[in-house]
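The file coords-v5.txt comes next; it holds compact mmCIF, C-alpha atoms.
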```
# COMPACT_ATOMS: atom_id res chain seq x y z
CA MET A 1 22.65 83.99 40.46
CA THR A 2 19.45 85.64 41.69
CA ASN A 3 19.65 89.34 42.57
CA LYS A 4 16.25 90.91 41.92
CA GLY A 5 16.70 93.45 44.69
CA GLY A 6 17.09 90.71 47.26
CA ILE A 7 19.82 88.46 48.60
CA LYS A 8 21.94 86.59 46.07
CA VAL A 9 21.45 82.85 46.13
CA SER A 10 24.35 80.58 45.17
CA ILE A 11 24.09 77.30 43.32
CA THR A 12 25.28 75.30 46.33
CA GLU A 13 22.76 76.89 48.66
CA ALA A 14 19.91 75.63 46.50
CA THR A 15 20.26 72.16 47.94
CA THR A 16 21.87 72.80 51.32
CA VAL A 17 19.45 75.43 52.68
CA ARG A 18 16.03 74.25 53.88
CA TRP A 19 13.97 76.48 51.66
CA SER A 20 10.71 74.80 52.65
CA GLY A 21 10.62 76.43 56.08
CA LYS A 22 11.47 79.83 54.64
CA ILE A 23 8.70 79.57 52.06
CA ALA A 24 6.13 78.38 54.59
CA ASP A 25 7.11 81.16 57.00
CA THR A 26 6.65 83.65 54.17
CA ILE A 27 3.13 82.36 53.47
CA LEU A 28 2.28 82.47 57.17
CA GLY A 29 3.79 85.95 57.51
CA ARG A 30 1.72 87.34 54.68
CA CYS A 31 -1.40 85.94 56.31
CA ASN A 32 -0.48 87.45 59.70
CA GLN A 33 0.26 90.85 58.16
CA GLN A 34 -2.92 91.02 56.14
CA GLY A 35 -5.30 89.23 58.50
CA GLU A 36 -6.89 85.98 57.37
CA ASP A 37 -6.12 85.41 53.73
CA GLU A 38 -9.20 86.51 51.78
CA TYR A 39 -7.91 84.75 48.67
CA VAL A 40 -7.95 81.40 50.48
CA LEU A 41 -11.25 82.07 52.25
CA GLU A 42 -13.21 83.49 49.33
CA ARG A 43 -14.32 80.22 47.78
CA TRP A 44 -13.62 76.51 47.63
CA ALA A 45 -11.13 76.28 44.76
CA TYR A 46 -8.17 74.35 43.45
CA VAL A 47 -5.32 76.84 43.93
CA PRO A 48 -6.11 77.71 47.57
CA GLY A 49 -6.54 73.99 48.13
CA MET A 50 -3.05 73.30 46.81
CA LEU A 51 -1.58 76.06 48.98
CA LEU A 52 -3.27 74.65 52.09
CA MET A 53 -2.08 71.13 51.27
CA ALA A 54 1.49 72.35 50.80
CA MET A 55 1.39 74.11 54.17
CA ALA A 56 0.00 71.03 55.90
CA ARG A 57 2.71 68.83 54.38
CA ALA A 58 5.31 71.33 55.54
CA GLY A 59 3.85 71.17 59.03
CA VAL A 60 4.04 67.39 59.14
CA GLN A 61 7.49 67.13 57.58
CA LEU A 62 9.08 69.98 59.54
CA ASP A 63 7.14 69.34 62.76
CA ARG A 64 5.65 72.83 62.76
CA SER A 65 2.11 72.68 64.11
CA GLU A 66 1.36 76.26 63.06
CA TYR A 67 1.57 75.25 59.40
CA VAL A 68 -0.98 72.48 59.85
CA SER A 69 -3.17 74.87 61.85
CA TYR A 70 -3.10 77.29 58.92
CA MET A 71 -4.66 74.60 56.75
CA GLU A 72 -7.16 73.49 59.39
CA ARG A 73 -8.29 77.02 60.23
CA HIS A 74 -9.00 77.86 56.60
CA MET A 75 -10.64 74.51 55.81
CA ASP A 76 -12.97 74.85 58.77
CA THR A 77 -14.48 77.99 57.28
CA PHE A 78 -15.84 75.75 54.51
CA ILE A 79 -16.80 72.45 56.17
CA GLY A 80 -20.13 72.41 57.98
CA GLU A 81 -21.03 70.14 60.89
CA ASP A 82 -23.11 68.05 58.49
CA GLY A 83 -20.25 67.69 55.99
CA SER A 84 -21.58 70.34 53.62
CA ILE A 85 -19.04 72.51 51.81
CA ARG A 86 -19.56 76.26 51.60
CA THR A 87 -19.59 77.61 47.98
CA TYR A 88 -19.32 74.06 46.52
CA ARG A 89 -22.05 72.74 44.22
CA LEU A 90 -21.94 69.10 43.12
CA GLU A 91 -24.12 69.70 40.07
CA GLU A 92 -21.48 72.01 38.63
CA TYR A 93 -19.49 68.82 37.84
CA ASN A 94 -16.20 70.66 37.82
CA LEU A 95 -12.99 68.66 38.45
CA ASP A 96 -11.27 71.78 39.78
CA GLN A 97 -13.61 71.67 42.78
CA ILE A 98 -12.23 68.33 43.94
CA ASN A 99 -8.66 69.47 44.62
CA GLU A 100 -9.21 71.24 47.93
CA GLY A 101 -10.81 68.06 49.21
CA LYS A 102 -7.39 66.39 49.44
CA ASN A 103 -6.97 68.20 52.77
CA LEU A 104 -9.93 66.33 54.24
CA PHE A 105 -7.99 63.09 54.72
CA LEU A 106 -5.39 64.58 57.05
CA LEU A 107 -8.10 66.40 59.00
CA TYR A 108 -10.10 63.18 59.37
CA GLN A 109 -6.99 61.25 60.40
CA ARG A 110 -6.01 63.85 63.02
CA THR A 111 -9.45 64.53 64.50
CA GLY A 112 -11.69 61.58 63.67
CA GLU A 113 -14.52 64.07 63.04
CA GLU A 114 -17.16 62.55 60.77
CA ARG A 115 -17.89 65.85 59.06
CA TYR A 116 -14.61 65.56 57.18
CA ALA A 117 -15.50 62.06 56.01
CA LYS A 118 -18.94 63.23 54.94
CA ALA A 119 -17.42 66.10 52.95
CA ALA A 120 -15.10 63.61 51.23
CA ASP A 121 -18.14 61.39 50.50
CA LEU A 122 -19.81 64.35 48.81
CA LEU A 123 -16.83 64.96 46.52
CA ALA A 124 -16.54 61.26 45.74
CA ALA A 125 -20.22 61.23 44.82
CA GLN A 126 -19.53 63.95 42.25
CA LEU A 127 -16.82 61.84 40.64
CA ILE A 128 -18.88 58.65 40.64
CA GLY A 129 -21.62 60.47 38.72
CA HIS A 130 -19.32 62.78 36.75
CA PRO A 131 -20.01 63.20 33.00
CA ARG A 132 -17.63 61.18 30.84
CA THR A 133 -16.31 60.58 27.36
CA SER A 134 -17.32 57.41 25.54
CA GLU A 135 -14.26 55.66 27.05
CA GLY A 136 -15.10 56.78 30.57
CA GLY A 137 -12.80 59.81 30.80
CA PHE A 138 -13.97 62.59 33.11
CA TRP A 139 -15.02 65.78 31.34
CA HIS A 140 -12.98 68.63 32.74
CA LYS A 141 -16.18 70.47 33.57
CA LYS A 142 -19.86 70.11 32.71
CA VAL A 143 -19.53 73.36 30.74
CA TYR A 144 -16.63 71.82 28.75
CA PRO A 145 -18.39 68.76 27.30
CA PHE A 146 -16.34 65.78 26.06
CA GLN A 147 -13.06 67.52 26.93
CA MET A 148 -10.22 66.03 28.95
CA TRP A 149 -7.50 68.41 30.13
CA LEU A 150 -4.27 67.35 31.79
CA ASP A 151 -5.09 69.79 34.60
CA GLY A 152 -8.06 67.70 35.65
CA LEU A 153 -6.00 64.62 36.34
CA TYR A 154 -4.26 66.39 39.22
CA MET A 155 -7.49 67.87 40.54
CA ALA A 156 -9.40 64.62 40.87
CA SER A 157 -7.34 61.44 40.50
CA PRO A 158 -5.13 61.62 43.64
CA PHE A 159 -8.23 62.45 45.68
CA LEU A 160 -10.03 59.46 44.22
CA ALA A 161 -7.08 57.13 44.84
CA GLU A 162 -6.68 58.26 48.46
CA TYR A 163 -10.42 58.09 49.07
CA GLY A 164 -10.40 54.53 47.73
CA LYS A 165 -7.59 53.59 50.10
CA VAL A 166 -8.93 55.32 53.22
CA PHE A 167 -12.51 54.14 52.84
CA GLN A 168 -11.71 50.73 51.33
CA ARG A 169 -13.19 51.35 47.90
CA PRO A 170 -10.66 49.61 45.61
CA GLU A 171 -12.83 50.21 42.54
CA LEU A 172 -12.13 53.93 42.91
CA ILE A 173 -8.39 53.30 42.82
CA ASP A 174 -9.10 51.40 39.59
CA GLU A 175 -10.95 54.47 38.35
CA ALA A 176 -8.01 56.75 39.11
CA ALA A 177 -5.73 54.41 37.17
CA HIS A 178 -8.13 54.40 34.22
CA GLN A 179 -8.18 58.19 34.06
CA LEU A 180 -4.37 58.47 34.15
CA LEU A 181 -3.87 55.90 31.41
CA LEU A 182 -6.66 57.15 29.17
CA VAL A 183 -5.55 60.78 29.06
CA GLU A 184 -1.95 59.78 28.38
CA ARG A 185 -3.01 57.54 25.51
CA ARG A 186 -5.16 60.28 24.03
CA THR A 187 -2.81 63.26 24.43
CA ARG A 188 0.74 61.88 24.00
CA ASP A 189 2.69 62.95 20.94
CA PRO A 190 4.67 59.90 19.74
CA ARG A 191 7.39 62.08 18.20
CA THR A 192 8.37 64.07 21.29
CA GLY A 193 6.76 62.02 24.06
CA LEU A 194 5.18 65.24 25.37
CA LEU A 195 1.47 65.55 26.16
CA TYR A 196 -0.87 68.08 24.60
CA HIS A 197 -2.82 70.28 27.00
CA GLY A 198 -6.27 69.03 26.06
CA TRP A 199 -8.34 66.64 23.95
CA ASP A 200 -11.88 67.14 22.69
CA GLU A 201 -13.54 63.84 21.81
CA SER A 202 -16.27 65.64 19.89
CA LYS A 203 -13.70 67.62 17.86
CA GLU A 204 -16.05 70.60 17.99
CA GLN A 205 -13.99 73.14 19.94
CA GLU A 206 -12.22 75.95 18.11
CA TRP A 207 -8.93 74.98 19.75
CA ALA A 208 -9.20 71.31 18.77
CA ASP A 209 -7.64 69.77 15.66
CA SER A 210 -10.47 68.65 13.38
CA SER A 211 -9.01 65.17 12.88
CA THR A 212 -7.45 64.37 16.27
CA GLY A 213 -9.36 66.61 18.68
CA LEU A 214 -6.05 67.66 20.26
CA SER A 215 -4.97 71.15 21.25
CA SER A 216 -1.96 72.62 19.47
CA HIS A 217 0.84 72.89 22.03
CA PHE A 218 2.61 71.42 25.03
CA TRP A 219 1.97 73.80 27.90
CA SER A 220 4.43 73.47 30.76
CA ARG A 221 1.99 73.66 33.66
CA ALA A 222 -0.48 71.26 32.04
CA MET A 223 2.22 68.59 31.94
CA GLY A 224 3.21 69.63 35.45
CA TRP A 225 -0.29 68.92 36.70
CA TYR A 226 -0.20 65.49 35.09
CA ALA A 227 3.28 64.64 36.38
CA MET A 228 2.22 65.49 39.95
CA ALA A 229 -1.00 63.52 39.52
CA MET A 230 0.90 60.37 38.64
CA VAL A 231 3.25 60.35 41.64
CA ASP A 232 0.51 61.42 44.04
CA CYS A 233 -1.83 58.66 42.82
CA LEU A 234 0.82 55.95 42.89
CA GLU A 235 1.42 56.65 46.56
CA HIS A 236 -2.04 55.22 47.29
CA PHE A 237 -1.97 52.22 44.93
CA PRO A 238 -1.42 48.79 46.49
CA LEU A 239 1.74 47.06 45.30
CA THR A 240 -0.39 44.39 43.65
CA HIS A 241 -2.55 46.77 41.60
CA PRO A 242 -2.55 45.49 38.00
CA LYS A 243 -1.98 48.97 36.52
CA ARG A 244 0.69 50.15 38.94
CA GLY A 245 3.68 49.01 36.90
CA THR A 246 2.24 50.43 33.68
CA ILE A 247 1.70 53.83 35.26
CA ILE A 248 5.23 53.83 36.69
CA GLY A 249 6.54 52.96 33.24
CA ILE A 250 4.73 55.76 31.45
CA PHE A 251 5.79 58.16 34.20
CA GLN A 252 9.44 57.34 33.58
CA ARG A 253 8.93 57.58 29.82
CA MET A 254 7.30 60.99 30.22
CA CYS A 255 10.08 62.25 32.49
CA GLY A 256 12.56 61.18 29.84
CA ALA A 257 10.71 63.34 27.32
CA LEU A 258 10.83 66.26 29.75
CA LEU A 259 14.60 65.94 30.04
CA GLU A 260 14.84 66.41 26.28
CA VAL A 261 13.26 69.89 26.55
CA GLN A 262 14.91 70.94 29.83
CA ASP A 263 16.98 74.07 29.32
CA LYS A 264 20.59 72.92 29.41
CA GLU A 265 21.93 76.13 30.92
CA THR A 266 19.45 76.79 33.73
CA GLY A 267 17.77 73.42 34.25
CA LEU A 268 14.35 75.07 33.87
CA TRP A 269 11.48 74.49 31.47
CA TYR A 270 9.81 76.88 29.03
CA GLN A 271 6.20 78.02 29.08
CA VAL A 272 5.72 76.25 25.73
CA LEU A 273 7.91 73.24 26.29
CA ASP A 274 9.30 72.49 22.85
CA GLN A 275 9.69 76.07 21.61
CA ALA A 276 12.95 77.17 23.25
CA GLY A 277 14.32 80.29 21.61
CA ARG A 278 11.07 81.26 19.94
CA LYS A 279 10.15 84.92 20.39
CA GLY A 280 8.11 85.54 23.53
CA ASN A 281 8.73 82.17 25.16
CA TYR A 282 10.15 82.24 28.68
CA LEU A 283 11.35 79.97 31.47
CA GLU A 284 8.26 79.48 33.59
CA ALA A 285 8.21 78.91 37.34
CA SER A 286 5.12 76.85 38.16
CA GLY A 287 5.71 74.13 35.57
CA SER A 288 9.40 73.92 36.51
CA CYS A 289 8.48 73.51 40.18
CA MET A 290 5.94 70.82 39.35
CA PHE A 291 8.43 68.82 37.29
CA VAL A 292 11.03 69.02 40.07
CA TYR A 293 8.43 67.92 42.61
CA ALA A 294 7.33 64.95 40.52
CA MET A 295 10.88 63.84 39.74
CA ALA A 296 12.08 64.23 43.34
CA LYS A 297 9.13 62.21 44.61
CA GLY A 298 9.55 59.68 41.81
CA LEU A 299 13.21 59.21 42.76
CA ARG A 300 12.41 58.91 46.46
CA MET A 301 9.66 56.36 45.85
CA GLY A 302 11.74 54.36 43.37
CA TYR A 303 9.57 55.12 40.34
CA LEU A 304 12.49 56.73 38.49
CA GLU A 305 15.94 55.41 37.86
CA PRO A 306 18.80 57.17 39.74
CA SER A 307 19.96 58.63 36.41
CA PHE A 308 17.24 61.30 36.77
CA ARG A 309 18.82 62.69 39.93
CA GLU A 310 21.16 65.15 38.24
CA ALA A 311 18.44 66.69 36.05
CA MET A 312 16.06 67.00 39.00
CA LEU A 313 18.63 68.76 41.18
CA LYS A 314 19.67 71.00 38.29
CA GLY A 315 16.04 72.00 37.87
CA TYR A 316 15.72 72.84 41.55
CA LYS A 317 18.93 74.86 41.54
CA GLY A 318 17.65 76.72 38.49
CA ILE A 319 14.44 77.64 40.29
CA ILE A 320 16.31 78.98 43.32
CA GLU A 321 19.00 80.75 41.29
CA GLN A 322 16.99 82.16 38.42
CA LEU A 323 13.45 82.63 39.68
CA ALA A 324 13.54 83.03 43.46
CA GLU A 325 14.82 85.75 45.74
CA GLU A 326 14.84 86.44 49.46
CA ASP A 327 14.48 89.78 51.23
CA GLU A 328 13.19 91.13 54.52
CA HIS A 329 9.65 90.09 53.53
CA GLY A 330 10.61 86.48 52.89
CA VAL A 331 10.93 84.35 49.75
CA HIS A 332 9.62 85.58 46.40
CA LEU A 333 9.04 83.66 43.18
CA HIS A 334 8.95 85.27 39.72
CA GLN A 335 7.96 84.35 36.15
CA ILE A 336 4.74 82.55 37.03
CA CYS A 337 2.12 82.18 34.30
CA HIS A 338 -1.00 83.58 35.97
CA GLY A 339 -3.36 81.19 34.24
CA ALA A 340 -4.19 79.48 30.96
CA GLY A 341 -6.98 77.33 29.62
CA LEU A 342 -8.84 76.24 26.50
CA SER A 343 -12.09 77.86 25.41
CA LYS A 344 -13.56 80.09 22.72
CA ASP A 345 -11.37 83.03 23.77
CA ARG A 346 -8.36 80.85 24.71
CA ASN A 347 -7.47 79.12 21.46
CA GLY A 348 -4.41 77.16 22.59
CA SER A 349 -2.10 78.81 20.05
CA TYR A 350 1.53 79.66 20.78
CA ASP A 351 0.66 83.36 20.82
CA TYR A 352 -2.08 82.66 23.34
CA TYR A 353 0.17 80.85 25.83
CA ILE A 354 2.83 83.55 25.81
CA SER A 355 0.22 86.33 26.05
CA GLU A 356 -1.09 85.34 29.48
CA ASP A 357 0.08 87.55 32.35
CA VAL A 358 3.42 86.71 33.94
CA VAL A 359 3.34 87.48 37.67
CA SER A 360 5.20 87.03 40.96
CA ASP A 361 4.36 85.50 44.33
CA VAL A 362 0.91 84.13 43.49
CA PRO A 363 -0.13 80.81 45.10
CA MET A 364 -0.22 79.15 41.67
CA GLY A 365 3.60 79.23 41.76
CA VAL A 366 4.39 79.49 45.45
CA ALA A 367 2.51 76.31 46.38
CA PRO A 368 4.40 74.14 43.84
CA LEU A 369 7.65 75.77 45.00
CA LEU A 370 6.92 74.71 48.58
CA LEU A 371 5.92 71.20 47.47
CA ALA A 372 9.08 70.87 45.36
CA SER A 373 11.30 72.09 48.20
CA LEU A 374 9.77 69.62 50.62
CA GLU A 375 10.29 66.73 48.22
CA VAL A 376 13.86 67.68 47.35
CA GLU A 377 14.74 67.97 51.04
CA ARG A 378 13.05 64.68 51.83
CA TYR A 379 14.82 62.93 48.99
CA GLN A 380 18.19 64.30 50.07
CA ALA A 381 17.57 63.37 53.71
CA ALA A 382 16.89 59.80 52.63
CA GLY A 383 20.36 59.72 51.09
```
Can you turn what I pasted into structure tokens?
Amino acid sequence: MTNKGGIKVSITEATTVRWSGKIADTILGRCNQQGEDEYVLERWAYVPGMLLMAMARAGVQLDRSEYVSYMERHMDTFIGEDGSIRTYRLEEYNLDQINEGKNLFLLYQRTGEERYAKAADLLAAQLIGHPRTSEGGFWHKKVYPFQMWLDGLYMASPFLAEYGKVFQRPELIDEAAHQLLLVERRTRDPRTGLLYHGWDESKEQEWADSSTGLSSHFWSRAMGWYAMAMVDCLEHFPLTHPKRGTIIGIFQRMCGALLEVQDKETGLWYQVLDQAGRKGNYLEASGSCMFVYAMAKGLRMGYLEPSFREAMLKGYKGIIEQLAEEDEHGVHLHQICHGAGLSKDRNGSYDYYISEDVVSDVPMGVAPLLLASLEVERYQAAG
């Protein structure tokens, strides 16, 4: 039961209280107290983009126009009348820079303003010309040649799938499917069913195994990114898409592997997924929220069998009980890995993953918490 200086939260409240509105109000309150959120306004980036998307979804689902306005107000500081995007540079060829573009579709739908469509065209142009592996997999960034990271699948593939649907470009939905299937085939461990964080086709990186090109461990948030990417892409696939059933099948298989490493007591997941009990490992918030989101949405959409319901709800209760608290300032979330990656100074070792800062209340965790809460509430409302 949570009691980090705030109000205790019971196990039953985790699924009877509408946490989504409380979380969104907290985000809005922090913005109102501090003026416009400099973190969100500073540059076009993937974490602010996820936070804005979560707020907009809360606005639509809860019928709270101020939440959608929060997204629109911040997005409009970036989108020019000609569809240009402040601080964005196509030639950087960075998948992270696509994520904030997911907000453009709702803005275009609500306003009909062509500048939002033109901005989406610009991001789609990056992906069409994006550097690739020999099998057509997107490099995570131009500065990370021949590397596919699970993170990148969330950044780019749902955008590409929705763009293909909205602007009637079915070949781009095919592309999103190709990316999802390729990275799973390249990173999945057949023994555990878990996915390694990254794969280097060239096998040149210090973090990559010299024979497989794979990184060394299963990082919770990396698999969280991929799990969210799958359910968010599938939402935009036509029922007749030839890869739809395959993707649903590997999603269910992957969720089954996640249940094997779910902490039996709390329902949460560890920073390094398969290393429960190892010194330094901890139950991590952002990955746990992402898994709950993906499973709740998968259950609601029929991608998962009903047998996953208990594990999903146990995970959500664990988040609320063990990692969240509520006080006069709103909802707080603890035990969030601040960030992790793969590079010369980030070697993908166990010691590396547990050495990254563990923080509270940052958008990297709060946005997935809001998304998970919305999906759990929507699933429960559907009966």
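Coordinates place atom CA of Met228 of chain A at a distance of 7.5 Å from atom CA of Phe291 of chain A.
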If you measure from atom CA of Pro170 of chain A to atom CA of Ala156 of chain A, what distance in Å do you get, rounded to one decimal?
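Spanning atom CA of Pro170 of chain A to atom CA of Ala156 of chain A is a straight-line distance of 15.8 Å.
Shell of segment 205-216 of chain A at 10 Å, with only C-alpha atoms counted and residues fewer than 4 places along the chain excluded, is Tyr144, Pro145, Phe146, Gln147, Met148, Trp149, Arg186, Thr187, Arg188, Asp189, Leu195, Tyr196, His197, Gly198, Trp199, Asp200, Glu201, Leu342, Ser343, Lys344, Asp345, Arg346, Asn347, Gly348, Ser349 and Tyr350 of chain A.
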Using all atoms listed in the file, which of A:Leu370, A:Ala176, A:Ala296, A:Ala161 sits nearest Ile23 of chain A?
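Of A:Leu370, A:Ala176, A:Ala296, A:Ala161, the one nearest Ile23 of chain A, counting all atoms listed in the file, is A:Leu370.
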Between A:Ser307, A:Gln179, A:Gln126, A:Ser84, smallest distance to Ile247 of chain A by all atoms listed in the file belongs to A:Gln179
May I ask for the distance between atom CA of Ile336 of chain A and atom CA of Arg221 of chain A, given in Å to one decimal place?
9.9 Å
Of the listed residues A:Leu52, A:His130, A:Arg110, A:Ser286, that which approaches Val362 of chain A most closely, counting only C-alpha atoms
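Distance minimum relative to Val362 of chain A lands on A:Ser286.
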Which residue out of A:Lys279, A:Lys314, A:His74, A:Arg132 has the minimum interatomic distance to Ser202 of chain A when only C-alpha atoms are used?
A:Arg132
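Among the candidates A:Gln335, A:Gln322, A:Ser20, A:Ser65, the one nearest to Val359 of chain A when counting all atoms listed in the file is A:Gln335.
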Of the candidates A:Val331, A:Ala124, A:Leu304, A:Ala227, which shows the shortest atom-to-atom distance to Ser288 of chain A, using all atoms listed in the file?
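Nearest candidate to Ser288 of chain A out of A:Val331, A:Ala124, A:Leu304, A:Ala227: A:Ala227.
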